[in-house]
file input_29.cif (mmCIF, C-alpha atoms and all ligand atoms)
data_structure
loop_
_atom_site.group_PDB
_atom_site.id
_atom_site.type_symbol
_atom_site.label_atom_id
_atom_site.label_comp_id
_atom_site.auth_asym_id
_atom_site.auth_seq_id
_atom_site.Cartn_x
_atom_site.Cartn_y
_atom_site.Cartn_z
ATOM 1 C CA MET F 1 8.039 5.161 -18.121
ATOM 2 C CA ALA F 2 10.791 7.775 -18.375
ATOM 3 C CA SER F 3 13.214 7.176 -15.512
ATOM 4 C CA ARG F 4 13.984 9.928 -13.052
ATOM 5 C CA GLU F 5 17.035 10.959 -11.082
ATOM 6 C CA VAL F 6 18.287 8.191 -8.776
ATOM 7 C CA ILE F 7 18.314 9.291 -5.129
ATOM 8 C CA GLU F 8 20.508 7.646 -2.528
ATOM 9 C CA THR F 9 18.564 7.135 0.701
ATOM 10 C CA THR F 10 19.611 5.587 3.997
ATOM 11 C CA LEU F 11 17.623 2.800 5.624
ATOM 12 C CA THR F 12 17.055 4.272 9.066
ATOM 13 C CA GLN F 13 14.401 1.956 10.509
ATOM 14 C CA ILE F 14 12.950 -1.486 9.845
ATOM 15 C CA ILE F 15 9.457 -2.021 11.217
ATOM 16 C CA HIS F 16 8.213 -5.612 11.600
ATOM 17 C CA GLU F 17 4.616 -5.608 10.369
ATOM 18 C CA THR F 18 3.916 -9.331 9.978
ATOM 19 C CA PRO F 19 6.062 -12.491 9.728
ATOM 20 C CA ARG F 20 6.606 -11.802 5.985
ATOM 21 C CA VAL F 21 6.210 -8.046 5.744
ATOM 22 C CA LEU F 22 8.614 -5.296 6.746
ATOM 23 C CA THR F 23 8.301 -1.545 6.450
ATOM 24 C CA PHE F 24 11.529 0.172 5.453
ATOM 25 C CA ARG F 25 11.898 3.781 6.546
ATOM 26 C CA LEU F 26 14.254 5.580 4.178
ATOM 27 C CA SER F 27 15.726 8.966 4.923
ATOM 28 C CA VAL F 28 15.968 11.298 1.963
ATOM 29 C CA PRO F 29 18.899 13.757 1.960
ATOM 30 C CA MET F 30 17.901 17.065 3.558
ATOM 31 C CA GLY F 31 16.897 19.706 1.052
ATOM 32 C CA HIS F 32 16.403 17.198 -1.785
ATOM 33 C CA PRO F 33 13.563 18.328 -4.082
ATOM 34 C CA PHE F 34 12.017 14.815 -4.354
ATOM 35 C CA THR F 35 8.220 14.898 -3.968
ATOM 36 C CA PHE F 36 5.349 12.546 -4.734
ATOM 37 C CA LYS F 37 1.576 12.364 -4.502
ATOM 38 C CA ALA F 38 0.038 10.040 -1.914
ATOM 39 C CA GLY F 39 -0.375 6.614 -3.541
ATOM 40 C CA GLN F 40 2.369 6.876 -6.161
ATOM 41 C CA PHE F 41 5.244 4.420 -6.405
ATOM 42 C CA VAL F 42 9.016 4.556 -6.725
ATOM 43 C CA MET F 43 11.497 2.168 -8.302
ATOM 44 C CA ALA F 44 13.882 0.807 -5.686
ATOM 45 C CA SER F 45 17.309 -0.731 -6.146
ATOM 46 C CA ILE F 46 20.273 -1.645 -3.963
ATOM 47 C CA PRO F 47 23.846 -0.596 -4.761
ATOM 48 C CA ASP F 48 25.851 -3.495 -6.214
ATOM 49 C CA PHE F 49 22.738 -5.706 -6.489
ATOM 50 C CA LEU F 50 22.934 -6.336 -10.233
ATOM 51 C CA ASN F 51 21.284 -8.700 -12.681
ATOM 52 C CA THR F 52 23.174 -11.028 -15.016
ATOM 53 C CA LYS F 53 23.578 -8.166 -17.509
ATOM 54 C CA GLY F 54 25.292 -6.046 -14.864
ATOM 55 C CA ARG F 55 22.300 -3.699 -14.513
ATOM 56 C CA PRO F 56 20.687 -2.758 -11.184
ATOM 57 C CA VAL F 57 17.766 -4.979 -10.142
ATOM 58 C CA ARG F 58 14.873 -2.520 -9.812
ATOM 59 C CA ARG F 59 11.381 -3.142 -8.488
ATOM 60 C CA ALA F 60 8.311 -0.934 -8.112
ATOM 61 C CA TYR F 61 7.090 -0.160 -4.589
ATOM 62 C CA SER F 62 4.221 2.067 -3.549
ATOM 63 C CA VAL F 63 5.174 4.751 -1.099
ATOM 64 C CA ALA F 64 3.367 3.706 2.069
ATOM 65 C CA SER F 65 3.880 6.993 3.889
ATOM 66 C CA SER F 66 2.487 10.458 3.237
ATOM 67 C CA PRO F 67 4.146 13.293 1.326
ATOM 68 C CA LEU F 68 3.745 15.150 4.631
ATOM 69 C CA ASP F 69 6.046 12.586 6.303
ATOM 70 C CA LEU F 70 8.614 13.580 3.705
ATOM 71 C CA GLN F 71 8.775 17.001 5.337
ATOM 72 C CA LYS F 72 10.257 15.132 8.313
ATOM 73 C CA GLY F 73 12.842 13.682 5.960
ATOM 74 C CA TYR F 74 11.599 10.149 5.299
ATOM 75 C CA LEU F 75 9.426 7.902 3.214
ATOM 76 C CA GLU F 76 8.374 4.307 3.853
ATOM 77 C CA LEU F 77 8.086 1.212 1.662
ATOM 78 C CA THR F 78 6.199 -1.832 2.921
ATOM 79 C CA ILE F 79 7.497 -4.973 1.263
ATOM 80 C CA THR F 80 6.371 -8.599 1.394
ATOM 81 C CA ARG F 81 9.134 -11.179 1.327
ATOM 82 C CA VAL F 82 8.077 -13.263 -1.670
ATOM 83 C CA GLY F 83 10.141 -16.282 -0.594
ATOM 84 C CA ASP F 84 10.865 -18.805 -3.371
ATOM 85 C CA GLY F 85 12.003 -16.835 -6.430
ATOM 86 C CA GLY F 86 11.538 -13.432 -4.774
ATOM 87 C CA PHE F 87 14.755 -11.929 -6.063
ATOM 88 C CA PHE F 88 14.574 -8.314 -4.856
ATOM 89 C CA SER F 89 12.148 -8.652 -1.955
ATOM 90 C CA ASN F 90 14.281 -11.366 -0.342
ATOM 91 C CA ARG F 91 17.396 -9.247 -0.801
ATOM 92 C CA ILE F 92 15.937 -6.093 0.733
ATOM 93 C CA HIS F 93 14.569 -8.120 3.647
ATOM 94 C CA ASP F 94 18.188 -9.015 4.418
ATOM 95 C CA CYS F 95 19.246 -5.335 4.516
ATOM 96 C CA ARG F 96 20.167 -3.691 7.801
ATOM 97 C CA GLU F 97 19.684 -0.237 9.254
ATOM 98 C CA GLY F 98 22.345 2.072 7.853
ATOM 99 C CA ASP F 99 22.325 0.401 4.407
ATOM 100 C CA ARG F 100 21.879 2.528 1.305
ATOM 101 C CA ILE F 101 18.762 2.081 -0.848
ATOM 102 C CA LEU F 102 18.387 3.817 -4.207
ATOM 103 C CA ILE F 103 15.034 5.122 -5.367
ATOM 104 C CA ASP F 104 13.800 6.939 -8.422
ATOM 105 C CA GLY F 105 10.395 8.362 -9.128
ATOM 106 C CA PRO F 106 7.694 9.163 -8.435
ATOM 107 C CA TYR F 107 5.651 7.202 -10.956
ATOM 108 C CA GLY F 108 2.031 6.270 -11.505
ATOM 109 C CA ALA F 109 -1.403 7.781 -11.911
ATOM 110 C CA PHE F 110 -2.805 6.087 -8.798
ATOM 111 C CA HIS F 111 -2.851 8.873 -6.242
ATOM 112 C CA LEU F 112 -5.242 10.990 -4.228
ATOM 113 C CA ARG F 113 -7.112 13.373 -6.495
ATOM 114 C CA GLU F 114 -6.162 16.994 -6.167
ATOM 115 C CA LYS F 115 -8.707 18.890 -4.107
ATOM 116 C CA SER F 116 -11.297 20.599 -6.213
ATOM 117 C CA GLY F 117 -14.237 22.615 -4.964
ATOM 118 C CA LEU F 118 -16.443 19.533 -4.677
ATOM 119 C CA GLN F 119 -15.415 17.155 -1.899
ATOM 120 C CA PRO F 120 -16.549 13.518 -1.978
ATOM 121 C CA SER F 121 -19.098 12.495 0.642
ATOM 122 C CA ARG F 122 -16.759 9.720 1.769
ATOM 123 C CA TYR F 123 -13.497 8.060 0.812
ATOM 124 C CA VAL F 124 -13.800 4.305 0.407
ATOM 125 C CA PHE F 125 -10.536 2.351 0.374
ATOM 126 C CA VAL F 126 -10.544 -1.348 -0.502
ATOM 127 C CA GLY F 127 -7.290 -3.228 -0.064
ATOM 128 C CA SER F 128 -5.980 -6.728 0.148
ATOM 129 C CA GLY F 129 -2.607 -7.985 1.406
ATOM 130 C CA SER F 130 0.273 -5.593 0.795
ATOM 131 C CA GLY F 131 -2.116 -3.591 -1.420
ATOM 132 C CA ILE F 132 -2.809 -1.708 1.785
ATOM 133 C CA ALA F 133 0.524 0.155 1.345
ATOM 134 C CA PRO F 134 -0.520 3.008 -0.985
ATOM 135 C CA LEU F 135 -3.923 3.210 0.715
ATOM 136 C CA ARG F 136 -2.209 3.762 4.058
ATOM 137 C CA GLY F 137 -0.176 6.598 2.495
ATOM 138 C CA MET F 138 -3.398 8.193 1.254
ATOM 139 C CA ILE F 139 -5.233 7.757 4.552
ATOM 140 C CA ARG F 140 -2.319 9.225 6.517
ATOM 141 C CA THR F 141 -2.333 12.199 4.164
ATOM 142 C CA LEU F 142 -6.045 12.874 4.577
ATOM 143 C CA LEU F 143 -5.791 12.618 8.359
ATOM 144 C CA MET F 144 -2.643 14.743 8.594
ATOM 145 C CA GLU F 145 -4.301 17.396 6.418
ATOM 146 C CA GLY F 146 -7.252 17.429 8.820
ATOM 147 C CA SER F 147 -9.770 16.261 6.215
ATOM 148 C CA LYS F 148 -13.276 16.075 7.652
ATOM 149 C CA VAL F 149 -14.524 13.680 4.958
ATOM 150 C CA PRO F 150 -15.393 10.273 6.500
ATOM 151 C CA ILE F 151 -13.131 7.360 5.561
ATOM 152 C CA ASP F 152 -14.100 3.701 5.144
ATOM 153 C CA LEU F 153 -11.313 1.134 4.873
ATOM 154 C CA TYR F 154 -12.216 -2.416 3.846
ATOM 155 C CA TYR F 155 -9.111 -4.522 4.227
ATOM 156 C CA GLY F 156 -8.719 -8.229 3.521
ATOM 157 C CA PHE F 157 -5.835 -10.516 4.445
ATOM 158 C CA ARG F 158 -5.403 -14.216 4.997
ATOM 159 C CA HIS F 159 -4.755 -14.720 8.705
ATOM 160 C CA ALA F 160 -4.921 -12.496 11.761
ATOM 161 C CA HIS F 161 -1.110 -12.340 11.887
ATOM 162 C CA ASP F 162 -1.062 -10.833 8.355
ATOM 163 C CA PHE F 163 -2.617 -7.569 9.583
ATOM 164 C CA ILE F 164 -0.231 -4.880 8.276
ATOM 165 C CA TYR F 165 -0.288 -1.530 10.198
ATOM 166 C CA GLU F 166 -2.469 -3.211 12.820
ATOM 167 C CA GLY F 167 -1.692 -0.770 15.651
ATOM 168 C CA GLU F 168 -2.084 2.347 13.522
ATOM 169 C CA LEU F 169 -5.323 1.300 11.833
ATOM 170 C CA LEU F 170 -6.968 0.036 15.024
ATOM 171 C CA GLU F 171 -6.066 3.315 16.718
ATOM 172 C CA TYR F 172 -7.753 5.301 13.929
ATOM 173 C CA ALA F 173 -10.836 3.090 14.212
ATOM 174 C CA GLU F 174 -11.002 3.497 17.964
ATOM 175 C CA THR F 175 -10.264 7.220 18.203
ATOM 176 C CA LEU F 176 -11.671 8.814 15.030
ATOM 177 C CA SER F 177 -15.443 8.935 14.709
ATOM 178 C CA GLY F 178 -15.279 9.368 10.919
ATOM 179 C CA PHE F 179 -13.052 6.335 10.364
ATOM 180 C CA ARG F 180 -14.631 2.937 9.759
ATOM 181 C CA LEU F 181 -12.419 -0.132 9.506
ATOM 182 C CA VAL F 182 -13.733 -3.478 8.293
ATOM 183 C CA THR F 183 -11.198 -6.308 8.176
ATOM 184 C CA ALA F 184 -11.814 -9.778 6.777
ATOM 185 C CA LEU F 185 -9.768 -12.968 7.011
ATOM 186 C CA SER F 186 -9.743 -14.991 3.798
ATOM 187 C CA GLY F 187 -7.843 -18.023 5.163
ATOM 188 C CA ARG F 188 -9.654 -21.354 5.450
ATOM 189 C CA ASP F 189 -8.692 -21.959 9.068
ATOM 190 C CA HIS F 190 -7.659 -19.599 11.824
ATOM 191 C CA PRO F 191 -5.258 -21.135 14.300
ATOM 192 C CA GLY F 192 -4.253 -18.675 17.003
ATOM 193 C CA LEU F 193 -7.085 -16.268 16.266
ATOM 194 C CA PRO F 194 -6.782 -13.625 18.997
ATOM 195 C CA ALA F 195 -9.560 -13.600 21.582
ATOM 196 C CA GLY F 196 -11.905 -10.727 20.841
ATOM 197 C CA TRP F 197 -11.106 -10.657 17.096
ATOM 198 C CA LYS F 198 -13.464 -8.030 15.730
ATOM 199 C CA GLY F 199 -12.955 -8.679 12.038
ATOM 200 C CA ARG F 200 -15.051 -10.634 9.597
ATOM 201 C CA PHE F 201 -14.355 -13.812 7.646
ATOM 202 C CA GLY F 202 -14.212 -14.445 3.899
ATOM 203 C CA ARG F 203 -12.997 -12.387 0.973
ATOM 204 C CA ILE F 204 -13.311 -8.638 1.314
ATOM 205 C CA THR F 205 -14.869 -8.489 -2.157
ATOM 206 C CA ALA F 206 -17.730 -10.738 -1.007
ATOM 207 C CA LEU F 207 -18.655 -8.202 1.680
ATOM 208 C CA LEU F 208 -18.924 -5.211 -0.652
ATOM 209 C CA PRO F 209 -22.662 -5.515 -1.459
ATOM 210 C CA GLU F 210 -23.401 -5.369 2.250
ATOM 211 C CA LEU F 211 -20.930 -2.566 3.041
ATOM 212 C CA VAL F 212 -21.623 -0.213 0.139
ATOM 213 C CA PRO F 213 -25.244 0.853 -0.294
ATOM 214 C CA GLY F 214 -24.904 2.580 -3.717
ATOM 215 C CA PHE F 215 -23.328 5.655 -5.264
ATOM 216 C CA SER F 216 -23.705 8.732 -3.153
ATOM 217 C CA ASN F 217 -20.753 10.886 -4.191
ATOM 218 C CA GLU F 218 -17.994 8.644 -2.753
ATOM 219 C CA GLU F 219 -14.430 8.428 -4.095
ATOM 220 C CA ILE F 220 -13.125 4.845 -4.363
ATOM 221 C CA TYR F 221 -9.492 3.704 -4.206
ATOM 222 C CA MET F 222 -8.577 0.022 -4.464
ATOM 223 C CA CYS F 223 -5.325 -1.904 -4.470
ATOM 224 C CA GLY F 224 -4.423 -5.581 -4.304
ATOM 225 C CA PRO F 225 -3.822 -8.628 -6.504
ATOM 226 C CA PRO F 226 -5.284 -8.443 -10.044
ATOM 227 C CA GLU F 227 -8.261 -10.728 -9.378
ATOM 228 C CA MET F 228 -9.280 -8.830 -6.242
ATOM 229 C CA VAL F 229 -9.037 -5.506 -8.099
ATOM 230 C CA ARG F 230 -10.989 -6.873 -11.063
ATOM 231 C CA GLN F 231 -13.826 -8.030 -8.812
ATOM 232 C CA THR F 232 -13.836 -4.831 -6.776
ATOM 233 C CA GLU F 233 -13.898 -2.619 -9.850
ATOM 234 C CA ALA F 234 -16.664 -4.731 -11.427
ATOM 235 C CA PHE F 235 -18.714 -4.396 -8.251
ATOM 236 C CA PHE F 236 -18.479 -0.592 -8.175
ATOM 237 C CA GLN F 237 -19.179 -0.329 -11.891
ATOM 238 C CA SER F 238 -22.268 -2.492 -11.636
ATOM 239 C CA ALA F 239 -23.389 -0.502 -8.589
ATOM 240 C CA GLY F 240 -23.446 2.620 -10.769
ATOM 241 C CA TYR F 241 -20.286 4.386 -9.614
ATOM 242 C CA PRO F 242 -18.923 6.771 -12.268
ATOM 243 C CA GLU F 243 -15.594 5.762 -13.810
ATOM 244 C CA ASP F 244 -13.892 8.949 -12.656
ATOM 245 C CA ARG F 245 -14.623 8.033 -9.024
ATOM 246 C CA ILE F 246 -12.938 4.623 -9.245
ATOM 247 C CA HIS F 247 -9.138 4.499 -8.894
ATOM 248 C CA LYS F 248 -7.142 1.290 -8.932
ATOM 249 C CA GLU F 249 -3.656 -0.157 -8.584
ATOM 250 C CA GLN F 250 -2.664 -3.814 -8.718
ATOM 251 C CA TRP F 251 0.363 -6.048 -8.617
HETATM 252 C C1 LIG N 1 3.072 -0.200 -9.141
HETATM 253 C C2 LIG N 1 3.561 -1.330 -8.252
HETATM 254 C C3 LIG N 1 3.627 -1.128 -6.893
HETATM 255 C C4 LIG N 1 4.056 -2.160 -6.053
HETATM 256 N N1 LIG N 1 4.096 -1.949 -4.714
HETATM 257 C C5 LIG N 1 4.456 -2.957 -3.897
HETATM 258 C C6 LIG N 1 4.453 -2.759 -2.476
HETATM 259 O O1 LIG N 1 4.132 -1.679 -1.954
HETATM 260 N N2 LIG N 1 4.835 -3.815 -1.686
HETATM 261 C C7 LIG N 1 5.207 -5.030 -2.238
HETATM 262 O O2 LIG N 1 5.536 -5.945 -1.472
HETATM 263 N N3 LIG N 1 5.219 -5.224 -3.577
HETATM 264 C C8 LIG N 1 4.871 -4.216 -4.409
HETATM 265 N N4 LIG N 1 4.920 -4.415 -5.763
HETATM 266 C C9 LIG N 1 5.475 -5.686 -6.300
HETATM 267 C C10 LIG N 1 7.020 -5.546 -6.465
HETATM 268 O O3 LIG N 1 7.310 -4.634 -7.510
HETATM 269 C C11 LIG N 1 7.707 -6.862 -6.827
HETATM 270 O O4 LIG N 1 7.081 -7.413 -7.947
HETATM 271 C C12 LIG N 1 7.687 -7.878 -5.691
HETATM 272 O O5 LIG N 1 8.360 -7.361 -4.547
HETATM 273 C C13 LIG N 1 8.385 -9.174 -6.136
HETATM 274 O O6 LIG N 1 9.685 -8.863 -6.555
HETATM 275 P P1 LIG N 1 10.864 -9.934 -6.349
HETATM 276 O O7 LIG N 1 12.069 -9.436 -7.069
HETATM 277 O O8 LIG N 1 11.022 -10.278 -4.916
HETATM 278 O O9 LIG N 1 10.279 -11.205 -7.048
HETATM 279 P P2 LIG N 1 10.585 -11.700 -8.526
HETATM 280 O O10 LIG N 1 11.960 -12.288 -8.561
HETATM 281 O O11 LIG N 1 10.304 -10.608 -9.482
HETATM 282 O O12 LIG N 1 9.518 -12.843 -8.631
HETATM 283 C C14 LIG N 1 8.112 -12.543 -8.476
HETATM 284 C C15 LIG N 1 7.309 -13.827 -8.528
HETATM 285 O O13 LIG N 1 7.462 -14.419 -9.769
HETATM 286 C C16 LIG N 1 7.974 -15.719 -9.591
HETATM 287 N N5 LIG N 1 8.966 -15.924 -10.643
HETATM 288 C C17 LIG N 1 10.102 -15.253 -10.831
HETATM 289 N N6 LIG N 1 10.741 -15.699 -11.901
HETATM 290 C C18 LIG N 1 9.966 -16.693 -12.407
HETATM 291 C C19 LIG N 1 10.054 -17.541 -13.514
HETATM 292 N N7 LIG N 1 11.099 -17.499 -14.370
HETATM 293 N N8 LIG N 1 9.063 -18.435 -13.739
HETATM 294 C C20 LIG N 1 8.021 -18.496 -12.916
HETATM 295 N N9 LIG N 1 7.855 -17.705 -11.851
HETATM 296 C C21 LIG N 1 8.822 -16.832 -11.599
HETATM 297 C C22 LIG N 1 8.625 -15.775 -8.254
HETATM 298 O O14 LIG N 1 8.605 -17.074 -7.693
HETATM 299 C C23 LIG N 1 7.777 -14.853 -7.485
HETATM 300 O O15 LIG N 1 6.634 -15.521 -6.983
HETATM 301 C C24 LIG N 1 4.465 -3.397 -6.608
HETATM 302 C C25 LIG N 1 4.402 -3.580 -7.993
HETATM 303 C C26 LIG N 1 3.954 -2.573 -8.790
HETATM 304 C C27 LIG N 1 3.900 -2.819 -10.289
#
call {"tool": "encode", "arguments": {"input": "input_29.cif", "output": "structure tokens"}}
result
Amino acid sequence: MASREVIETTLTQIIHETPRVLTFRLSVPMGHPFTFKAGQFVMASIPDFLNTKGRPVRRAYSVASSPLDLQKGYLELTITRVGDGGFFSNRIHDCREGDRILIDGPYGAFHLREKSGLQPSRYVFVGSGSGIAPLRGMIRTLLMEGSKVPIDLYYGFRHAHDFIYEGELLEYAETLSGFRLVTALSGRDHPGLPAGWKGRFGRITALLPELVPGFSNEEIYMCGPPEMVRQTEAFFQSAGYPEDRIHKEQW
């Protein structure tokens, strides 16, 4: 991975998504030529946060916003605080608005396909945990571009309070006729489950046979932990989806 120019951004807003997840809005200097494709990632570092060899601690983060948001001067990273041993994620969770964050990129082949003449019949996004981040960037892009292709989002997380982008995604589901949201809670128990919870229970991968009838020109994007991605990919392969319609990212 050839490294790119390091860009100094300013942390302008911290959005509390869940007890362990924050979204960091970073402003990119006006007129900077930085661009990316929806779904790609950047390497982030923090000035003076160095490893034992005196080098910057860098970690990969998917851009959770759309390239179209960049025209307004910002991009967003959505980061889970790892807790024990989480070297960089713990450090960035302690940052404050006004702090400087360094990024370089973009990197990665996981991104929305360029538009060709043939549109898919539907976009199907399957995400788990913070794997929703690049998918959200892609979905925002399609909606901001005015895409008329229906979107399904199947999104798994452990407990109801782990629902990242809850307000935004529920609003899409309630206001956009072509947007279908299926959430599933994988936790064993559900203390404090909100009254009127409309999601499902169990692993999102277990619901796929019921949700996806069979290949009919859809484009599939998945992101989550390795085991979830392995199972999701295996499902779509066995259901006859062509390889070039299946796109994946994992961490
Ligand atoms: C392409 C890509 C995109 C990504 N996008 C996102 C994103 O959008 N959001 C997000 O939250 N994350 C994302 N990640 C993950 C991110 O890059 C980091 O890996 C994550 O934030 C953890 O980094 P950390 O420095 O906090 O933890 P680390 O210090 O790297 O530790 C990670 C885990 O390993 C354990 N560990 C560390 N050292 C040891 C050791 N010596 N022995 C045993 N266990 C150890 C820690 O306890 C911890 O559980 C992405 C990763 C990739 C590759």
call {"tool": "resolve_selection", "arguments": {"input": "input_29.cif", "expression": "the PyMOL selection byres (((chain F and resi 7) around 12) and not hetatm)", "output": "PyMOL selection string"}}
result
chain F and resi 3-6+8-10+26-30+32-35+42-47+100-106
call {"tool": "closest_atom_pairs", "arguments": {"input": "input_29.cif", "of": "chain F", "to": "ligand LIG 1 (chain N)", "cutoff": "10 Å", "atoms": "all atoms listed in the file", "output": "tab-separated table"}}
result
residue	atom	partner	partner_atom	distance
F:Arg20	CA	N:LIG1	O2	9.5
F:Val21	CA	N:LIG1	O2	7.5
F:Leu22	CA	N:LIG1	O2	8.8
F:Thr23	CA	N:LIG1	N2	9.1
F:Gly39	CA	N:LIG1	C3	9.3
F:Gln40	CA	N:LIG1	C1	7.7
F:Phe41	CA	N:LIG1	C1	5.8
F:Val42	CA	N:LIG1	C3	7.8
F:Met43	CA	N:LIG1	O3	8.0
F:Ala44	CA	N:LIG1	O3	8.7
F:Val57	CA	N:LIG1	O7	7.9
F:Arg58	CA	N:LIG1	O7	8.0
F:Arg59	CA	N:LIG1	O3	4.4
F:Ala60	CA	N:LIG1	O3	3.9
F:Tyr61	CA	N:LIG1	N1	3.5
F:Ser62	CA	N:LIG1	O1	4.1
F:Val63	CA	N:LIG1	O1	6.6
F:Ala64	CA	N:LIG1	O1	6.8
F:Glu76	CA	N:LIG1	O1	9.4
F:Leu77	CA	N:LIG1	O1	6.1
F:Thr78	CA	N:LIG1	N2	5.2
F:Ile79	CA	N:LIG1	O2	3.5
F:Thr80	CA	N:LIG1	O2	4.0
F:Arg81	CA	N:LIG1	O8	6.6
F:Val82	CA	N:LIG1	O8	5.3
F:Gly83	CA	N:LIG1	O14	7.3
F:Asp84	CA	N:LIG1	O14	5.2
F:Gly85	CA	N:LIG1	O14	3.6
F:Gly86	CA	N:LIG1	O8	3.2
F:Phe87	CA	N:LIG1	O10	3.8
F:Phe88	CA	N:LIG1	O7	3.5
F:Ser89	CA	N:LIG1	O8	3.6
F:Asn90	CA	N:LIG1	O8	5.7
F:Arg91	CA	N:LIG1	O8	7.7
F:Ile92	CA	N:LIG1	O8	8.6
F:His93	CA	N:LIG1	O8	9.5
F:Tyr107	CA	N:LIG1	C1	8.0
F:Gly108	CA	N:LIG1	C1	7.0
F:Ala109	CA	N:LIG1	C1	9.6
F:Phe110	CA	N:LIG1	C1	8.6
F:Gly129	CA	N:LIG1	O2	8.9
F:Ser130	CA	N:LIG1	N2	5.5
F:Gly131	CA	N:LIG1	O1	6.6
F:Ile132	CA	N:LIG1	O1	7.9
F:Ala133	CA	N:LIG1	O1	5.2
F:Pro134	CA	N:LIG1	O1	6.7
F:Leu135	CA	N:LIG1	O1	9.8
F:Cys223	CA	N:LIG1	C3	9.3
F:Gly224	CA	N:LIG1	C5	9.3
F:Pro225	CA	N:LIG1	N4	9.7
F:Glu249	CA	N:LIG1	C1	6.8
F:Gln250	CA	N:LIG1	C2	6.7
F:Trp251	CA	N:LIG1	C25	4.8
call {"tool": "resolve_selection", "arguments": {"input": "input_29.cif", "expression": "the PyMOL selection byres (((chain F and resi 247) around 7) and not hetatm)", "output": "ChimeraX atom specification"}}
result
/F:110,220-222,245-246,248
call {"tool": "atom_distance", "arguments": {"input": "input_29.cif", "atom1": "CA of Leu112 in chain F", "atom2": "CA of Lys37 in chain F"}}
result
7.0 Å
call {"tool": "residues_near_point", "arguments": {"input": "input_29.cif", "point": "(-11.6, 8.1, 10.7)", "cutoff": "9 Å", "atoms": "only C-alpha atoms", "output": "list in words"}}
result
Ile139, Leu143, Lys148, Val149, Pro150, Ile151, Asp152, Tyr172, Ala173, Glu174, Thr175, Leu176, Ser177, Gly178, Phe179, Arg180 and Leu181 of chain F
call {"tool": "write_last_selection", "arguments": {"input": "input_29.cif", "atoms": "C-alpha atoms", "output": "PDB file, keeping the file's coordinate frame"}}
result
ATOM      1  CA  ILE F 139      -5.233   7.757   4.552  1.00  0.00           C
ATOM      2  CA  LEU F 143      -5.791  12.618   8.359  1.00  0.00           C
ATOM      3  CA  LYS F 148     -13.276  16.075   7.652  1.00  0.00           C
ATOM      4  CA  VAL F 149     -14.524  13.680   4.958  1.00  0.00           C
ATOM      5  CA  PRO F 150     -15.393  10.273   6.500  1.00  0.00           C
ATOM      6  CA  ILE F 151     -13.131   7.360   5.561  1.00  0.00           C
ATOM      7  CA  ASP F 152     -14.100   3.701   5.144  1.00  0.00           C
ATOM      8  CA  TYR F 172      -7.753   5.301  13.929  1.00  0.00           C
ATOM      9  CA  ALA F 173     -10.836   3.090  14.212  1.00  0.00           C
ATOM     10  CA  GLU F 174     -11.002   3.497  17.964  1.00  0.00           C
ATOM     11  CA  THR F 175     -10.264   7.220  18.203  1.00  0.00           C
ATOM     12  CA  LEU F 176     -11.671   8.814  15.030  1.00  0.00           C
ATOM     13  CA  SER F 177     -15.443   8.935  14.709  1.00  0.00           C
ATOM     14  CA  GLY F 178     -15.279   9.368  10.919  1.00  0.00           C
ATOM     15  CA  PHE F 179     -13.052   6.335  10.364  1.00  0.00           C
ATOM     16  CA  ARG F 180     -14.631   2.937   9.759  1.00  0.00           C
ATOM     17  CA  LEU F 181     -12.419  -0.132   9.506  1.00  0.00           C
TER      18      LEU F 181
END
call {"tool": "axis_aligned_box", "arguments": {"input": "input_29.cif", "around": "range 130-136 of chain F", "padding_each_side": "4 Å", "output": "lines of an AutoDock Vina configuration file"}}
result
center_x = -1.7
center_y = -0.9
center_z = 1.3
size_x = 12.4
size_y = 17.4
size_z = 13.5
call {"tool": "closest_residue", "arguments": {"input": "input_29.cif", "among": "F:Leu70, F:Leu75, F:Leu169, F:Ala38", "to": "Thr141 in chain F", "atoms": "all atoms listed in the file"}}
result
F:Ala38
call {"tool": "resolve_selection", "arguments": {"input": "input_29.cif", "expression": "the PyMOL selection byres (((chain F and resi 123) around 6) and not hetatm)", "output": "PyMOL selection string"}}
result
chain F and resi 122+124+151+218-219
call {"tool": "build_atoms", "arguments": {"input": "input_29.cif", "residues": "range 22-29 of chain F", "atoms": "N, CA and C atoms", "output": "compact mmCIF listing (two decimals), in the frame of the given file"}}
result
# COMPACT_ATOMS: atom_id res chain seq x y z
N LEU F 22 7.87 -6.33 6.02
CA LEU F 22 8.61 -5.30 6.75
C LEU F 22 8.32 -3.95 6.12
N THR F 23 8.34 -2.92 6.96
CA THR F 23 8.30 -1.54 6.45
C THR F 23 9.69 -0.96 6.60
N PHE F 24 10.19 -0.41 5.49
CA PHE F 24 11.53 0.17 5.45
C PHE F 24 11.40 1.69 5.46
N ARG F 25 11.90 2.31 6.50
CA ARG F 25 11.90 3.78 6.55
C ARG F 25 13.21 4.28 5.95
N LEU F 26 13.08 5.09 4.91
CA LEU F 26 14.25 5.58 4.18
C LEU F 26 14.39 7.07 4.37
N SER F 27 15.56 7.52 4.77
CA SER F 27 15.73 8.97 4.92
C SER F 27 16.26 9.54 3.62
N VAL F 28 15.62 10.61 3.21
CA VAL F 28 15.97 11.30 1.96
C VAL F 28 16.89 12.46 2.35
N PRO F 29 17.97 12.69 1.58
CA PRO F 29 18.90 13.76 1.96
C PRO F 29 18.17 15.08 2.18
